[in-house]
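Working notes for the structure below.
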Amino acid sequence: MNARAAFLRRWRGTPYDKVECNCWWLAALAQAELFGRTLPAADPALVADLRARAEAMATHPARAEWREIPVPVDGAMVLMGKVAGAETHCGVYLAQDGGLILHTDERHGVVLDSPLELAAAKRWRLTYLIPA
């Protein structure tokens, strides 16, 4: 079993927890373990406050280290929200795993969903980012 398959096997189905297994925590873990990239730690206070979370995701200094791309590639960060620049959810695009997005939410825990499913079910706009 390769490292990615082992990672997915270990975490898939893990219940959501707003402090220890939220979407940013999972995205940061996947970026570190699968792609060797470090993301800044999330402020736990932002998990419950959607406006503060959207503001932090849009204006965090680390955002300048990433650039938006029109088509996702393996390992791209995926920011999700109803309005561009006000995203409140994130995940990681896994092209090698069927073009699915690894993310976690309160209802499902850690899951893999297609971009079309997420866009249709939540009416989210998906923004893909890679390191600049």
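Scheme for the structure tokens: letters A, B, ... for chains in order shown; per-chain residue numbers from 1; ligand numbers from 1 in order shown.
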
Find the nearest atom pair between each residue of segment 33-72 of chain A and segment 77-84 of chain A for residues within 10 Å, count only C-alpha atoms, give distances in Å to one decimal, sort rows by chain and ascending number, and present the table as CSV.
```
residue,atom,partner,partner_atom,distance
A:Ala54,CA,A:Gly81,CA,8.6
A:Met57,CA,A:Leu79,CA,8.5
A:Ala58,CA,A:Ala84,CA,9.3
A:Trp66,CA,A:Met77,CA,9.0
A:Arg67,CA,A:Met77,CA,10.0
A:Glu68,CA,A:Met77,CA,9.3
A:Pro72,CA,A:Val78,CA,8.4
```

For the residues in that selection, give me N, CA, C and O atoms as an mmCIF file, in the first residue's frame.
```cif
data_model
loop_
_atom_site.group_PDB
_atom_site.id
_atom_site.type_symbol
_atom_site.label_atom_id
_atom_site.label_comp_id
_atom_site.auth_asym_id
_atom_site.auth_seq_id
_atom_site.Cartn_x
_atom_site.Cartn_y
_atom_site.Cartn_z
ATOM 1 N N ALA A 54 -14.176 33.232 7.095
ATOM 2 C CA ALA A 54 -14.077 33.718 5.714
ATOM 3 C C ALA A 54 -13.052 34.840 5.614
ATOM 4 O O ALA A 54 -12.238 34.865 4.682
ATOM 5 N N MET A 57 -9.498 33.346 5.955
ATOM 6 C CA MET A 57 -9.080 32.603 4.766
ATOM 7 C C MET A 57 -8.758 33.547 3.610
ATOM 8 O O MET A 57 -7.883 33.271 2.805
ATOM 9 N N ALA A 58 -9.432 34.670 3.536
ATOM 10 C CA ALA A 58 -9.220 35.616 2.438
ATOM 11 C C ALA A 58 -8.013 36.514 2.644
ATOM 12 O O ALA A 58 -7.357 36.908 1.682
ATOM 13 N N TRP A 66 0.201 31.364 -2.248
ATOM 14 C CA TRP A 66 -0.539 30.459 -3.116
ATOM 15 C C TRP A 66 -1.166 31.264 -4.249
ATOM 16 O O TRP A 66 -1.463 32.441 -4.087
ATOM 17 N N ARG A 67 -1.353 30.632 -5.392
ATOM 18 C CA ARG A 67 -2.000 31.324 -6.502
ATOM 19 C C ARG A 67 -3.175 30.487 -7.001
ATOM 20 O O ARG A 67 -3.148 29.258 -6.951
ATOM 21 N N GLU A 68 -4.182 31.198 -7.470
ATOM 22 C CA GLU A 68 -5.384 30.530 -7.967
ATOM 23 C C GLU A 68 -5.117 29.943 -9.346
ATOM 24 O O GLU A 68 -4.415 30.542 -10.158
ATOM 25 N N PRO A 72 -8.092 22.230 -11.389
ATOM 26 C CA PRO A 72 -7.340 21.644 -10.278
ATOM 27 C C PRO A 72 -6.277 20.650 -10.727
ATOM 28 O O PRO A 72 -6.419 19.995 -11.760
#
```

Atom CA of Val73 of chain A sits from atom CA of Leu94 of chain A at a separation of 7.6 Å

Please determine, counting only C-alpha atoms, which residue among A:Ala62, A:Thr14, A:Gly99, A:Thr88 has the shortest atom-to-atom distance to Lys122 of chain A.
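Closest to Lys122 of chain A of all the choices is A:Thr88.
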
Strand (DSSP E) residues, from DSSP on the backbone, in chain A, as a PyMOL selection string:
chain A and resi 66-69+77-81+89-94+100-105+109-113+125-131

May I ask which of the residues A:Ala5, A:Val111, A:Ala95, A:Ala42 is the closest one to Val71 of chain A, counting only C-alpha atoms?
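Looking only at the distances to Val71 of chain A, the closest residue turns out to be A:Ala95.
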
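With only C-alpha atoms as the basis for measurement, A:Gly75 is the residue among A:Pro40, A:Gly85, A:Gly109, A:Gly75 that approaches Asp97 of chain A most closely.
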
Residues of segment 23-127 of chain A classed as alpha helix (DSSP H) by DSSP on the backbone are to be reported as a VMD selection string.
chain A and resid 23 to 35 50 to 59 115 to 122

Near Glu65 of chain A, counting only C-alpha atoms, which residues have an atom at most 8 Å away, once you skip same-chain residues fewer than 3 positions from it, shown as a ChimeraX atom specification?
/A:61-62,131-132

Would you save the residues of that selection, restricted to N, CA, C and O atoms, as a short mmCIF file (atom, residue, chain, number, x, y, z; two decimals), in the first residue's frame?
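Everything below was put into result.cif:
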```cif
data_model
loop_
_atom_site.label_atom_id
_atom_site.label_comp_id
_atom_site.auth_asym_id
_atom_site.auth_seq_id
_atom_site.Cartn_x
_atom_site.Cartn_y
_atom_site.Cartn_z
N PRO A 61 -1.85 36.18 5.68
CA PRO A 61 -0.61 36.41 4.93
C PRO A 61 -0.14 35.20 4.12
O PRO A 61 0.45 35.36 3.05
N ALA A 62 -0.43 34.00 4.58
CA ALA A 62 -0.01 32.79 3.85
C ALA A 62 -0.73 32.67 2.51
O ALA A 62 -0.25 32.00 1.60
N PRO A 131 0.86 26.30 -4.60
CA PRO A 131 1.93 27.22 -4.13
C PRO A 131 2.39 28.13 -5.27
O PRO A 131 2.50 27.70 -6.42
N ALA A 132 2.61 29.39 -4.94
CA ALA A 132 3.03 30.37 -5.95
C ALA A 132 4.45 30.11 -6.41
O ALA A 132 5.24 29.52 -5.74
#
```

So what do you get for atom CA of His89 of chain A versus atom CA of Arg37 of chain A, distance-wise?
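Between atom CA of His89 of chain A and atom CA of Arg37 of chain A the gap is 18.9 Å.
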
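Distances to Leu8 of chain A were evaluated for A:Leu112, A:Gln96, A:Leu129, A:Thr38 using only C-alpha atoms, and the minimum falls at A:Leu112.
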